[in-house]
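Coordinates as given in query.csv (CSV, C-alpha atoms and all ligand atoms):
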chain,number,residue,atom,x,y,z
A,1,MET,CA,97.1,106.1,95.7
A,2,LYS,CA,93.4,106.0,95.8
A,3,ILE,CA,91.0,108.9,96.4
A,4,HIS,CA,87.3,109.1,97.3
A,5,GLU,CA,84.5,109.3,94.8
A,6,TYR,CA,83.7,112.9,95.7
A,7,GLN,CA,87.3,113.9,95.1
A,8,ALA,CA,87.4,111.9,91.9
A,9,LYS,CA,84.3,113.7,90.7
A,10,GLU,CA,85.7,117.1,91.6
A,11,MET,CA,88.7,116.2,89.5
A,12,LEU,CA,86.6,115.0,86.6
A,13,ALA,CA,84.5,118.2,86.8
A,14,SER,CA,87.7,120.3,86.7
A,15,TYR,CA,88.5,118.5,83.4
A,16,GLY,CA,85.0,119.4,82.1
A,17,ALA,CA,83.5,115.9,82.4
A,18,PRO,CA,79.8,115.8,83.3
A,19,VAL,CA,79.1,114.7,86.9
A,20,PRO,CA,76.0,115.0,89.0
A,21,ARG,CA,75.9,117.8,91.6
A,22,GLY,CA,77.2,116.5,94.9
A,23,ILE,CA,78.3,117.8,98.3
A,24,PRO,CA,80.6,115.8,100.7
A,25,ALA,CA,79.3,115.5,104.3
A,26,LYS,CA,81.0,114.4,107.5
A,27,THR,CA,78.1,114.9,109.9
A,28,VAL,CA,74.4,114.2,109.9
A,29,ASP,CA,73.7,118.0,109.9
A,30,GLN,CA,75.9,118.6,106.9
A,31,ALA,CA,74.2,115.7,105.1
A,32,TYR,CA,70.8,117.2,105.9
A,33,GLU,CA,71.9,120.7,104.7
A,34,ALA,CA,73.3,119.2,101.5
A,35,ALA,CA,70.2,117.2,100.8
A,36,SER,CA,68.1,120.3,101.3
A,37,LYS,CA,69.7,121.7,98.1
A,38,PHE,CA,68.6,118.8,96.0
A,39,GLY,CA,65.2,117.6,96.8
A,40,SER,CA,65.7,113.9,96.3
A,41,CYS,CA,69.3,112.6,96.5
A,42,VAL,CA,71.5,109.6,96.9
A,43,VAL,CA,73.5,109.2,100.1
A,44,LYS,CA,76.8,107.5,99.3
A,45,ALA,CA,79.4,106.1,101.7
A,46,GLN,CA,82.9,107.4,100.9
A,47,VAL,CA,85.2,104.5,101.4
A,48,HIS,CA,88.0,103.3,99.2
A,49,SER,CA,86.1,100.4,97.9
A,50,GLY,CA,83.7,99.5,95.1
A,51,GLY,CA,80.6,97.3,95.6
A,52,ARG,CA,79.1,99.8,98.0
A,53,GLY,CA,75.7,99.7,96.4
A,54,LYS,CA,75.2,96.0,97.1
A,55,ALA,CA,76.5,96.4,100.6
A,56,GLY,CA,74.2,99.1,101.7
A,57,GLY,CA,76.6,102.0,101.1
A,58,VAL,CA,74.4,103.7,98.4
A,59,LYS,CA,70.9,104.8,99.5
A,60,PHE,CA,68.2,106.8,97.8
A,61,ALA,CA,66.5,109.5,99.8
A,62,GLU,CA,63.4,111.3,98.6
A,63,THR,CA,63.5,114.1,101.2
A,64,PRO,CA,66.2,115.8,103.3
A,65,GLU,CA,64.6,114.2,106.4
A,66,LYS,CA,65.1,110.8,104.9
A,67,ALA,CA,68.7,111.8,103.9
A,68,ARG,CA,69.2,112.7,107.6
A,69,SER,CA,68.1,109.3,108.9
A,70,VAL,CA,70.1,107.5,106.2
A,71,ALA,CA,73.2,109.5,107.0
A,72,GLU,CA,72.7,108.7,110.7
A,73,ALA,CA,72.7,105.0,110.0
A,74,MET,CA,75.5,105.2,107.5
A,75,LEU,CA,78.1,107.4,109.3
A,76,GLY,CA,80.2,105.2,111.5
A,77,MET,CA,78.9,102.0,110.1
A,78,LYS,CA,81.3,99.2,109.1
A,79,LEU,CA,80.8,98.7,105.4
A,80,ILE,CA,81.7,95.2,104.2
A,81,THR,CA,81.8,94.9,100.4
A,82,LYS,CA,83.2,92.2,98.1
A,83,GLN,CA,86.4,94.3,97.9
A,84,THR,CA,87.0,95.3,101.5
A,85,GLY,CA,87.4,91.7,102.9
A,86,PRO,CA,85.7,90.6,106.1
A,87,GLU,CA,87.3,93.4,108.2
A,88,GLY,CA,85.2,96.0,106.2
A,89,LYS,CA,85.7,99.8,106.3
A,90,ILE,CA,84.3,102.4,108.7
A,91,VAL,CA,82.3,105.1,106.9
A,92,ARG,CA,83.6,108.5,108.0
A,93,GLN,CA,82.3,110.6,105.2
A,94,LEU,CA,79.4,110.7,102.8
A,95,LEU,CA,78.7,112.1,99.4
A,96,ILE,CA,75.2,113.6,99.0
A,97,SER,CA,74.5,113.4,95.3
A,98,GLU,CA,71.6,114.8,93.4
A,99,ALA,CA,69.4,112.0,92.2
A,100,VAL,CA,69.2,111.6,88.5
A,101,ASP,CA,66.8,109.6,86.3
A,102,VAL,CA,68.8,106.9,84.6
A,103,GLU,CA,67.8,105.4,81.3
A,104,ARG,CA,70.9,103.2,80.7
A,105,GLU,CA,74.1,102.3,82.6
A,106,PHE,CA,77.4,101.7,81.0
A,107,TYR,CA,80.9,100.7,82.1
A,108,LEU,CA,83.8,102.8,81.0
A,109,SER,CA,87.4,102.9,82.2
A,110,ILE,CA,90.9,103.8,81.2
A,111,THR,CA,93.9,101.9,82.4
A,112,GLY,CA,97.5,101.1,81.5
A,113,ASP,CA,98.2,98.2,79.2
A,114,SER,CA,101.8,97.0,79.7
A,115,GLU,CA,101.6,94.5,76.8
A,116,ARG,CA,100.9,97.2,74.3
A,117,ALA,CA,103.0,99.8,76.2
A,118,GLY,CA,100.0,102.1,76.1
A,119,LEU,CA,96.6,102.9,77.5
A,120,VAL,CA,93.4,101.0,76.9
A,121,ILE,CA,89.8,102.2,77.0
A,122,VAL,CA,87.6,99.4,78.5
A,123,ALA,CA,83.9,99.8,77.6
A,124,SER,CA,80.8,97.7,78.1
A,125,ALA,CA,77.1,98.3,77.5
A,126,ALA,CA,76.6,96.0,80.6
A,127,GLY,CA,77.6,98.6,83.2
A,128,GLY,CA,76.6,99.0,86.8
A,129,THR,CA,77.0,96.8,89.8
A,130,GLU,CA,77.2,93.5,87.9
A,131,ILE,CA,80.3,94.2,85.9
A,132,GLU,CA,82.4,91.6,87.7
A,133,GLU,CA,79.8,88.9,86.8
A,134,THR,CA,79.8,90.1,83.2
A,135,ALA,CA,83.6,89.9,83.1
A,136,LYS,CA,83.4,86.3,84.3
A,137,GLU,CA,80.4,85.0,82.3
A,138,HIS,CA,80.4,87.2,79.2
A,139,PRO,CA,83.9,88.5,78.7
A,140,GLU,CA,83.1,89.3,75.1
A,141,ALA,CA,80.7,92.0,76.3
A,142,ILE,CA,83.7,94.0,77.5
A,143,VAL,CA,85.7,95.6,74.8
A,144,GLN,CA,89.2,97.0,74.9
A,145,ILE,CA,90.3,99.9,72.7
A,146,PRO,CA,94.0,100.7,72.7
A,147,VAL,CA,95.2,104.3,72.9
A,148,SER,CA,98.8,105.4,72.3
A,149,VAL,CA,100.4,107.4,75.0
A,150,ILE,CA,102.3,109.3,72.4
A,151,GLU,CA,99.5,110.2,70.1
A,152,GLY,CA,96.9,110.5,72.8
A,153,PHE,CA,93.2,110.0,72.3
A,154,LYS,CA,91.8,109.9,68.7
A,155,SER,CA,88.1,110.4,67.7
A,156,TYR,CA,88.0,107.0,65.9
A,157,GLN,CA,88.6,105.4,69.3
A,158,GLY,CA,85.6,107.3,70.6
A,159,ILE,CA,83.5,106.2,67.7
A,160,ARG,CA,84.4,102.6,68.4
A,161,ALA,CA,83.6,103.0,72.1
A,162,ALA,CA,80.2,104.6,71.1
A,163,GLU,CA,79.5,101.6,68.9
A,164,VAL,CA,80.3,99.2,71.8
A,165,LEU,CA,77.9,101.2,74.1
A,166,GLY,CA,75.3,101.6,71.4
A,167,LEU,CA,75.4,105.4,71.4
A,168,GLU,CA,74.6,107.4,68.3
A,169,GLY,CA,74.1,111.0,67.2
A,170,ASP,CA,74.5,113.5,70.0
A,171,LEU,CA,75.2,110.8,72.6
A,172,GLN,CA,78.1,109.6,70.5
A,173,LYS,CA,79.5,113.2,70.4
A,174,GLN,CA,79.2,113.4,74.2
A,175,LEU,CA,81.1,110.2,74.6
A,176,ILE,CA,83.9,111.2,72.3
A,177,SER,CA,84.2,114.5,74.2
A,178,LEU,CA,84.1,112.7,77.6
A,179,LEU,CA,86.8,110.2,76.6
A,180,GLY,CA,89.1,112.9,75.4
A,181,LYS,CA,88.9,114.5,78.9
A,182,LEU,CA,89.4,111.2,80.7
A,183,VAL,CA,92.5,110.4,78.7
A,184,LYS,CA,93.8,113.9,79.3
A,185,LEU,CA,93.2,113.5,83.1
A,186,TYR,CA,94.8,110.0,83.0
A,187,LEU,CA,98.0,111.2,81.3
A,188,GLU,CA,98.4,114.6,83.1
A,189,LYS,CA,97.9,113.2,86.6
A,190,ASP,CA,99.8,109.9,86.0
A,191,CYS,CA,96.8,107.8,86.9
A,192,SER,CA,96.7,104.0,87.0
A,193,LEU,CA,93.0,103.8,86.6
A,194,VAL,CA,90.1,106.1,85.7
A,195,GLU,CA,86.9,104.2,86.0
A,196,ILE,CA,83.3,105.4,85.5
A,197,ASN,CA,80.9,102.7,86.6
A,198,PRO,CA,78.2,103.4,85.9
A,199,LEU,CA,78.4,106.0,83.2
A,200,VAL,CA,74.8,106.7,82.6
A,201,GLN,CA,72.5,108.1,79.9
A,202,THR,CA,69.8,110.2,81.7
A,203,THR,CA,66.2,110.2,80.6
A,204,ASP,CA,66.8,113.6,79.1
A,205,GLY,CA,69.6,112.4,76.9
A,206,LYS,CA,72.7,113.4,78.8
A,207,LEU,CA,75.8,111.3,79.6
A,208,LEU,CA,76.8,111.6,83.3
A,209,CYS,CA,79.5,110.0,85.4
A,210,LEU,CA,77.4,108.6,88.2
A,211,ASP,CA,80.3,106.9,90.0
A,212,ALA,CA,84.0,107.6,89.6
A,213,LYS,CA,87.2,105.9,90.7
A,214,VAL,CA,90.6,107.6,90.1
A,215,ASN,CA,93.8,105.8,91.2
A,216,PHE,CA,97.3,107.3,90.8
A,217,ASP,CA,100.6,105.6,90.1
A,218,ASP,CA,102.5,105.8,93.4
A,219,ASN,CA,105.8,106.0,91.6
A,220,ALA,CA,104.8,109.2,90.0
A,221,LEU,CA,103.3,110.9,93.0
A,222,PHE,CA,106.5,113.0,93.5
A,223,ARG,CA,105.5,114.8,90.3
A,224,HIS,CA,102.1,115.7,91.8
A,225,PRO,CA,102.4,117.5,95.1
A,226,GLU,CA,98.9,118.9,94.5
A,227,LEU,CA,97.5,115.4,95.1
A,228,ALA,CA,99.0,114.9,98.5
A,229,PRO,CA,96.1,116.7,100.4
A,230,MET,CA,93.7,114.2,98.8
A,231,ARG,CA,95.3,111.2,100.6
A,232,ASP,CA,93.1,109.7,103.3
A,233,ILE,CA,95.3,107.6,105.6
A,234,ASN,CA,92.2,106.3,107.4
A,235,GLU,CA,91.6,104.2,104.3
A,236,GLU,CA,95.1,102.8,104.2
A,237,ASP,CA,96.7,99.9,106.1
A,238,PRO,CA,98.7,101.6,108.9
A,239,LYS,CA,101.7,99.4,108.2
A,240,GLU,CA,101.7,100.1,104.5
A,241,TYR,CA,101.3,103.8,105.3
A,242,SER,CA,104.4,103.9,107.6
A,243,ALA,CA,106.3,101.8,105.1
A,244,SER,CA,105.6,104.4,102.4
A,245,LEU,CA,107.0,107.1,104.6
A,246,SER,CA,110.2,105.2,104.9
A,247,ASP,CA,110.4,104.5,101.2
A,248,LEU,CA,109.9,100.8,101.6
A,249,ASN,CA,107.9,98.6,99.2
A,250,TYR,CA,105.6,96.9,101.6
A,251,VAL,CA,102.4,95.0,101.1
A,252,SER,CA,100.6,93.5,104.1
A,253,LEU,CA,99.4,89.9,103.8
A,254,ASP,CA,97.7,87.6,106.2
A,255,GLY,CA,100.3,84.9,107.1
A,256,ASP,CA,102.6,84.6,110.1
A,257,ILE,CA,106.1,84.8,108.7
A,258,GLY,CA,107.5,88.4,108.3
A,259,CYS,CA,109.8,88.8,105.3
A,260,LEU,CA,112.6,91.3,105.0
A,261,VAL,CA,114.2,91.1,101.6
A,262,ASN,CA,116.1,93.3,99.2
A,263,GLY,CA,114.8,93.4,95.6
A,264,ALA,CA,111.3,92.9,94.5
A,265,GLY,CA,112.1,89.7,92.6
A,266,LEU,CA,113.8,88.1,95.5
A,267,ALA,CA,110.9,89.2,97.7
A,268,MET,CA,108.5,87.4,95.4
A,269,ALA,CA,110.7,84.3,95.3
A,270,THR,CA,110.9,84.4,99.1
A,271,MET,CA,107.1,84.4,99.4
A,272,ASP,CA,107.0,81.5,96.9
A,273,ILE,CA,109.5,79.4,98.7
A,274,ILE,CA,107.7,79.9,102.1
A,275,LYS,CA,104.5,78.8,100.4
A,276,ASN,CA,106.3,75.9,98.7
A,277,PHE,CA,107.3,74.5,102.1
A,278,GLY,CA,103.9,75.0,103.6
A,279,GLY,CA,104.2,78.3,105.3
A,280,SER,CA,102.5,81.6,104.9
A,281,PRO,CA,104.1,85.0,104.5
A,282,ALA,CA,102.8,88.0,106.5
A,283,ASN,CA,104.0,90.5,104.0
A,284,PHE,CA,105.9,91.4,100.9
A,285,LEU,CA,108.8,93.7,101.8
A,286,ASP,CA,111.5,95.0,99.5
A,287,VAL,CA,113.9,97.3,101.5
A,288,GLY,CA,115.4,98.4,98.2
A,289,GLY,CA,118.9,98.5,96.9
A,290,SER,CA,120.1,101.5,98.8
A,291,ALA,CA,118.7,100.8,102.2
A,292,THR,CA,120.4,102.4,105.2
A,293,THR,CA,120.7,101.0,108.7
A,294,GLU,CA,117.8,103.3,109.6
A,295,ARG,CA,115.6,101.9,106.9
A,296,VAL,CA,116.3,98.3,107.8
A,297,LYS,CA,115.3,99.3,111.3
A,298,SER,CA,112.0,100.8,110.3
A,299,ALA,CA,111.3,97.7,108.2
A,300,PHE,CA,111.8,95.6,111.3
A,301,GLU,CA,109.5,97.9,113.3
A,302,ILE,CA,106.8,97.6,110.7
A,303,ILE,CA,107.0,93.8,110.5
A,304,LEU,CA,107.0,93.6,114.3
A,305,SER,CA,103.9,95.9,114.6
A,306,ASP,CA,102.0,93.1,112.9
A,307,GLY,CA,100.5,91.0,115.7
A,308,ASN,CA,100.2,87.9,113.4
A,309,VAL,CA,104.0,87.6,112.8
A,310,LYS,CA,105.5,84.6,114.7
A,311,ALA,CA,108.9,84.5,113.0
A,312,ILE,CA,110.9,86.7,110.7
A,313,PHE,CA,112.8,85.5,107.6
A,314,VAL,CA,115.6,87.9,106.5
A,315,ASN,CA,116.7,87.0,103.0
A,316,ILE,CA,119.4,89.2,101.6
A,317,PHE,CA,121.5,89.0,98.6
A,318,GLY,CA,124.1,91.7,98.9
A,319,GLY,CA,124.7,93.3,95.6
A,320,ILE,CA,124.5,97.1,95.7
A,321,MET,CA,123.1,96.5,99.2
A,322,LYS,CA,125.9,95.3,101.4
A,323,CYS,CA,125.4,92.4,103.9
A,324,ASP,CA,127.1,94.3,106.7
A,325,ILE,CA,124.6,97.2,106.5
A,326,ILE,CA,121.7,94.8,106.7
A,327,ALA,CA,123.4,93.0,109.6
A,328,GLU,CA,124.0,96.2,111.5
A,329,GLY,CA,120.4,97.4,111.0
A,330,LEU,CA,119.2,94.0,112.1
A,331,VAL,CA,121.4,94.0,115.3
A,332,GLN,CA,120.4,97.6,116.1
A,333,ALA,CA,116.7,97.0,115.6
A,334,THR,CA,116.6,93.8,117.6
A,335,ARG,CA,118.6,95.4,120.4
A,336,ASP,CA,116.4,98.5,120.5
A,337,MET,CA,113.1,96.7,120.2
A,338,GLY,CA,113.9,93.7,122.4
A,339,LEU,CA,113.3,90.8,120.0
A,340,SER,CA,110.5,88.6,121.2
A,341,ILE,CA,110.2,86.3,118.1
A,342,PRO,CA,112.7,84.1,116.2
A,343,VAL,CA,114.7,85.7,113.4
A,344,VAL,CA,116.1,83.5,110.6
A,345,VAL,CA,118.8,85.1,108.5
A,346,ARG,CA,120.1,84.1,105.1
A,347,LEU,CA,122.9,86.4,103.9
A,348,GLU,CA,124.8,86.1,100.6
A,349,GLY,CA,126.9,88.4,98.5
A,350,THR,CA,128.9,91.5,99.0
A,351,ASN,CA,130.6,91.7,102.5
A,352,VAL,CA,128.8,88.5,103.5
A,353,ASP,CA,131.6,87.5,105.9
A,354,LEU,CA,131.6,90.8,107.6
A,355,GLY,CA,127.8,90.6,107.9
A,356,ARG,CA,127.9,87.2,109.4
A,357,LYS,CA,130.5,88.3,111.9
A,358,ILE,CA,128.4,91.3,113.0
A,359,ILE,CA,125.5,88.9,113.7
A,360,GLU,CA,127.7,86.4,115.5
A,361,ASP,CA,129.4,89.0,117.6
A,362,SER,CA,126.1,90.5,118.6
A,363,GLY,CA,125.3,87.5,120.8
A,364,LEU,CA,121.7,87.8,119.7
A,365,ALA,CA,119.8,84.5,119.2
A,366,ILE,CA,119.5,84.8,115.4
A,367,ILE,CA,119.1,81.6,113.5
A,368,ALA,CA,121.5,81.3,110.5
A,369,ALA,CA,120.4,79.7,107.3
A,370,SER,CA,122.7,78.4,104.6
A,371,ASP,CA,120.4,79.1,101.6
A,372,MET,CA,116.9,80.1,100.8
A,373,ALA,CA,115.3,76.7,101.2
A,374,ASP,CA,117.0,76.2,104.5
A,375,GLY,CA,115.9,79.6,105.6
A,376,ALA,CA,112.3,79.1,104.6
A,377,ARG,CA,112.2,75.7,106.4
A,378,LYS,CA,113.7,77.2,109.5
A,379,ALA,CA,111.4,80.2,109.5
A,380,ILE,CA,108.3,78.0,109.1
A,381,ALA,CA,109.5,75.7,111.9
A,382,ALA,CA,110.3,78.8,114.1
A,383,ALA,CA,106.8,80.2,113.5
A,384,LYS,CA,105.3,76.9,114.6
A,385,GLY,CA,107.6,76.9,117.7
A,386,VAL,CA,109.6,73.8,116.7
A,387,LYS,CA,113.2,73.3,115.7
A,388,ALA,CA,113.9,72.7,112.0
B,401,LIG,P1,79.3,101.1,93.9
B,401,LIG,O1,78.3,100.1,94.2
B,401,LIG,O2,80.3,101.3,95.0
B,401,LIG,O3,79.9,101.0,92.6
B,401,LIG,O4,78.5,102.5,93.9
B,401,LIG,P2,77.7,103.3,92.7
B,401,LIG,O5,78.0,104.8,92.9
B,401,LIG,O6,78.1,102.8,91.4
B,401,LIG,O7,76.2,103.1,93.0
B,401,LIG,C1,75.6,101.8,92.8
B,401,LIG,C2,74.4,101.9,91.9
B,401,LIG,O8,73.4,102.8,92.5
B,401,LIG,C3,74.6,102.4,90.5
B,401,LIG,O9,75.1,101.4,89.7
B,401,LIG,C4,73.3,103.0,90.2
B,401,LIG,O10,72.5,101.9,89.6
B,401,LIG,C5,72.7,103.4,91.5
B,401,LIG,N1,72.7,104.8,91.6
B,401,LIG,C6,73.7,105.6,92.2
B,401,LIG,N2,73.4,106.9,92.1
B,401,LIG,C7,72.2,107.0,91.5
B,401,LIG,C8,71.3,108.1,91.1
B,401,LIG,O11,71.6,109.3,91.3
B,401,LIG,N3,70.2,107.8,90.4
B,401,LIG,C9,69.8,106.5,90.1
B,401,LIG,N4,68.7,106.2,89.5
B,401,LIG,N5,70.6,105.4,90.5
B,401,LIG,C10,71.8,105.7,91.2
B,402,MN,MN,80.1,102.0,90.9
Using the file provided, produce a representation of the structure as structure tokens.
Amino acid sequence: MKIHEYQAKEMLASYGAPVPRGIPAKTVDQAYEAASKFGSCVVKAQVHSGGRGKAGGVKFAETPEKARSVAEAMLGMKLITKQTGPEGKIVRQLLISEAVDVEREFYLSITGDSERAGLVIVASAAGGTEIEETAKEHPEAIVQIPVSVIEGFKSYQGIRAAEVLGLEGDLQKQLISLLGKLVKLYLEKDCSLVEINPLVQTTDGKLLCLDAKVNFDDNALFRHPELAPMRDINEEDPKEYSASLSDLNYVSLDGDIGCLVNGAGLAMATMDIIKNFGGSPANFLDVGGSATTERVKSAFEIILSDGNVKAIFVNIFGGIMKCDIIAEGLVQATRDMGLSIPVVVRLEGTNVDLGRKIIEDSGLAIIAASDMADGARKAIAAAKGVKA
């Protein structure tokens, strides 16, 4: 789960991390009122995407009047950044942030490191909006410092980070203290990313988190009911959102073959085999090992709500999940929704005969496949409107 910058900064502040003063605003009047408290300010589009600065989503305003006119232009605009894709994101909220005088910009983040089974602090003296370019052209300028999840943050890791950023004396102390708070936040809230870009050194010698991104591990959200109100479903793909309500692992893609699969590994293999035969998957979907008829039905509904889908490939290996359950869900869903596009089904495993019989008896025009390759070929042909 992602949250907005203003929410991330509120959370950082609650952990004692230094952030500039800021006030969220949903209307032009609110923006004006907030800006009046600061003199000069920065008006920042609140969308779940980085790269806003380069796309016109971060603007300096010397006066509250200027903030008003900037807010007027920004609210409701479609912000297209490097990260949003061409469809962009509508700006529904702003953060009015007190302007600060910046001396230097740094990059600082904490994320999981599966290889080391721990955390890693990522630091670079080349922070700011060019960090992606730095990563590409000067990867050596970005340094990783491992942190154990058992031992937590240690000062020597902070000393190393300060060395990377070129911070000494009091600034080094500030950095060590900040890192301790960020690691604490990361661990306590089950984050997947805490990123401060830029972390800045102000002209009066203070470290400040000028931008903040905090992402949470979806699999741990059940431990954090306090985070639920921060979710902004306007920022999420509606199909992925309804999938999450049905406990489905769903990722929306841009192809035309809807995939309904059980097991993440099989779902990946299904996408691969579709690609291998020249097709393009419309989604990743793992209905899970314990899917009920209801869940299979909602999976179908979500796939069908995608206007790009021209054929569906159901690829099931019945292990814990039995083929007859899938078949029943399939038949019910297609009956209820009036299936308008071809469905190719490959069933294998537990209760496969029963499952095949349910489909046959249903009289529905479902295309049977003998194996994965056969299914992929048939689905690709069906999406093109030809017979395999
Ligand atoms: P992003 O482009 O989405 O990552 O948005 P940021 O919040 O990082 O803002 C982009 C850039 O605007 C930063 O890297 C800073 O250089 C600049 N910026 C943002 N806020 C301020 C501020 O209060 N004062 C100054 N001087 N620059 C700022
Ligand atoms: Mn940034």
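CA of Lys44 (chain A) sits 8.6 Å away from CA of Met74 (chain A).
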Neighbouring residues of Leu253 (chain A) were defined as those with any atom within 9 Å, considering all atoms listed in the file; residues of the same chain fewer than 5 positions away were excluded. Please report them as a PDB file with C-alpha atoms, keeping the file's coordinate frame.
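Result file follows (around.pdb):
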ATOM      1  CA  SER A 280     102.500  81.600 104.900  1.00  0.00           C
ATOM      2  CA  PRO A 281     104.100  85.000 104.500  1.00  0.00           C
ATOM      3  CA  ALA A 282     102.800  88.000 106.500  1.00  0.00           C
ATOM      4  CA  ASN A 283     104.000  90.500 104.000  1.00  0.00           C
ATOM      5  CA  PHE A 284     105.900  91.400 100.900  1.00  0.00           C
TER       6      PHE A 284
END
Sorted by chain and rising residue number, list the residues of chain A at most 6 Å from ligand LIG 401 (chain B) (counting all atoms listed in the file), each with its closest atom pair and distance in Å to one decimal, as a tab-separated table.
residue	atom	partner	partner_atom	distance
A:Val42	CA	B:LIG401	O11	5.6
A:Gly50	CA	B:LIG401	O2	3.8
A:Gly51	CA	B:LIG401	O1	3.9
A:Arg52	CA	B:LIG401	O2	3.6
A:Gly53	CA	B:LIG401	O1	3.4
A:Lys54	CA	B:LIG401	O1	5.9
A:Val58	CA	B:LIG401	O7	5.7
A:Glu98	CA	B:LIG401	O11	5.9
A:Ala99	CA	B:LIG401	O11	3.6
A:Val100	CA	B:LIG401	O11	4.3
A:Asp101	CA	B:LIG401	N4	5.0
A:Val102	CA	B:LIG401	N4	5.0
A:Gly128	CA	B:LIG401	O9	4.1
A:Thr129	CA	B:LIG401	O9	5.0
A:Asn197	CA	B:LIG401	O6	5.6
A:Pro198	CA	B:LIG401	O9	5.3
A:Leu210	CA	B:LIG401	N2	5.8
A:Asp211	CA	B:LIG401	O5	4.3
Given all atoms listed in the file as the basis, pick out the residue of A:Asn308, A:Ser49, A:Asn262, A:Thr111 nearest to Tyr250 (chain A). A:Asn262
Residues near Pro342 (chain A), anyone? I mean within 12 Å using all atoms listed in the file, not counting same-chain ones fewer than 5 positions away, as a PyMOL selection string. chain A and resi 256-258+304+309-314+334+364-368+375+378-387
Using only C-alpha atoms, which residue out of A:Ser177, A:Ser340, A:Val352, A:Ile303 lies closest to Lys322 (chain A)? A:Val352
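Taking all atoms listed in the file into account, the polymer residues that have an atom no farther than 9 Å from (89.9, 99.0, 89.0) are Gly50, Ser109, Thr111, Ser192, Leu193, Val194, Glu195, Lys213, Val214 and Asn215 of chain A.
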Export, as a PDB file, in the coordinates of the input, the selected residues with C-alpha atoms.
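Final file, selection34.pdb:
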ATOM      1  CA  GLY A  50      83.700  99.500  95.100  1.00  0.00           C
ATOM      2  CA  SER A 109      87.400 102.900  82.200  1.00  0.00           C
ATOM      3  CA  THR A 111      93.900 101.900  82.400  1.00  0.00           C
ATOM      4  CA  SER A 192      96.700 104.000  87.000  1.00  0.00           C
ATOM      5  CA  LEU A 193      93.000 103.800  86.600  1.00  0.00           C
ATOM      6  CA  VAL A 194      90.100 106.100  85.700  1.00  0.00           C
ATOM      7  CA  GLU A 195      86.900 104.200  86.000  1.00  0.00           C
ATOM      8  CA  LYS A 213      87.200 105.900  90.700  1.00  0.00           C
ATOM      9  CA  VAL A 214      90.600 107.600  90.100  1.00  0.00           C
ATOM     10  CA  ASN A 215      93.800 105.800  91.200  1.00  0.00           C
TER      11      ASN A 215
END
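Within 12 Å of Ala141 (chain A), once only C-alpha atoms are used and residues closer than 5 positions along the same chain are dropped, the contacting residues are Phe106, Tyr107, Val122, Ala123, Ser124, Ala125, Ala126, Gly127, Ile131, Glu132, Glu133, Thr134, Ala135, Lys136, Val164 and Leu165 of chain A.
Between ligand MN 402 (chain B) and the residues A:Val47, A:Val331, A:Val183, A:Ala117, the shortest atom-to-atom distance, using only C-alpha atoms and all ligand atoms, involves A:Val47.
You will find CA of Leu79 (chain A) at 24.3 Å from CA of Ser242 (chain A).
Separating CA of Ser97 (chain A) from CA of Leu167 (chain A) is a distance of 25.2 Å.
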So that I can check the surroundings of Arg356 (chain A), please list as an mmCIF file with C-alpha atoms, keeping the file's coordinate frame every protein, DNA and RNA residue that reaches within 9 Å of it, counting all atoms listed in the file and ignoring chain neighbours fewer than 4 positions away.
data_model
loop_
_atom_site.group_PDB
_atom_site.id
_atom_site.type_symbol
_atom_site.label_atom_id
_atom_site.label_comp_id
_atom_site.auth_asym_id
_atom_site.auth_seq_id
_atom_site.Cartn_x
_atom_site.Cartn_y
_atom_site.Cartn_z
ATOM 1 C CA CYS A 323 125.400 92.400 103.900
ATOM 2 C CA ASP A 324 127.100 94.300 106.700
ATOM 3 C CA ALA A 327 123.400 93.000 109.600
ATOM 4 C CA LEU A 347 122.900 86.400 103.900
ATOM 5 C CA ASN A 351 130.600 91.700 102.500
ATOM 6 C CA VAL A 352 128.800 88.500 103.500
ATOM 7 C CA GLU A 360 127.700 86.400 115.500
ATOM 8 C CA ASP A 361 129.400 89.000 117.600
ATOM 9 C CA ALA A 368 121.500 81.300 110.500
#
Which residues of region 71-144 of chain A come within 10 Å of region 2-10 of chain A, and what is each one's closest atom pair and distance in Å (one decimal), counting only C-alpha atoms, sorted by chain and residue number, as a Markdown table?
| residue | atom | partner | partner_atom | distance |
| --- | --- | --- | --- | --- |
| A:Gln93 | CA | A:His4 | CA | 9.5 |
| A:Leu94 | CA | A:Tyr6 | CA | 8.6 |
| A:Leu95 | CA | A:Tyr6 | CA | 6.3 |
| A:Ile96 | CA | A:Tyr6 | CA | 9.1 |
| A:Ser97 | CA | A:Tyr6 | CA | 9.2 |
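Minimum atom-to-atom distances from A:Ile320, A:Ala212, A:Ala220, A:Ile358 to Val19 (chain A) were compared using only C-alpha atoms, and the lowest value belongs to A:Ala212.
Candidate residues A:Gly39, A:Gly307, A:Gly255, A:Gly57 were compared for distance to ligand MN 402 (chain B), and the nearest is A:Gly57, using all atoms listed in the file.
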Looking at A:Lys154, A:Lys239, A:His48, A:Lys181, which one is nearest to ligand MN 402 (chain B), with distances taken over all atoms listed in the file? A:His48
Could you pull the residues within 8 Å of Val70 (chain A), counting all atoms listed in the file, minus those fewer than 5 positions along the same chain, as an MDAnalysis selection string? chainID A and resid 43 59 61
Using only C-alpha atoms, give me every residue within 12 Å of (70.8, 113.2, 106.2) in file coordinates, as an MDAnalysis selection string. chainID A and resid 23:44 59:75 93:97
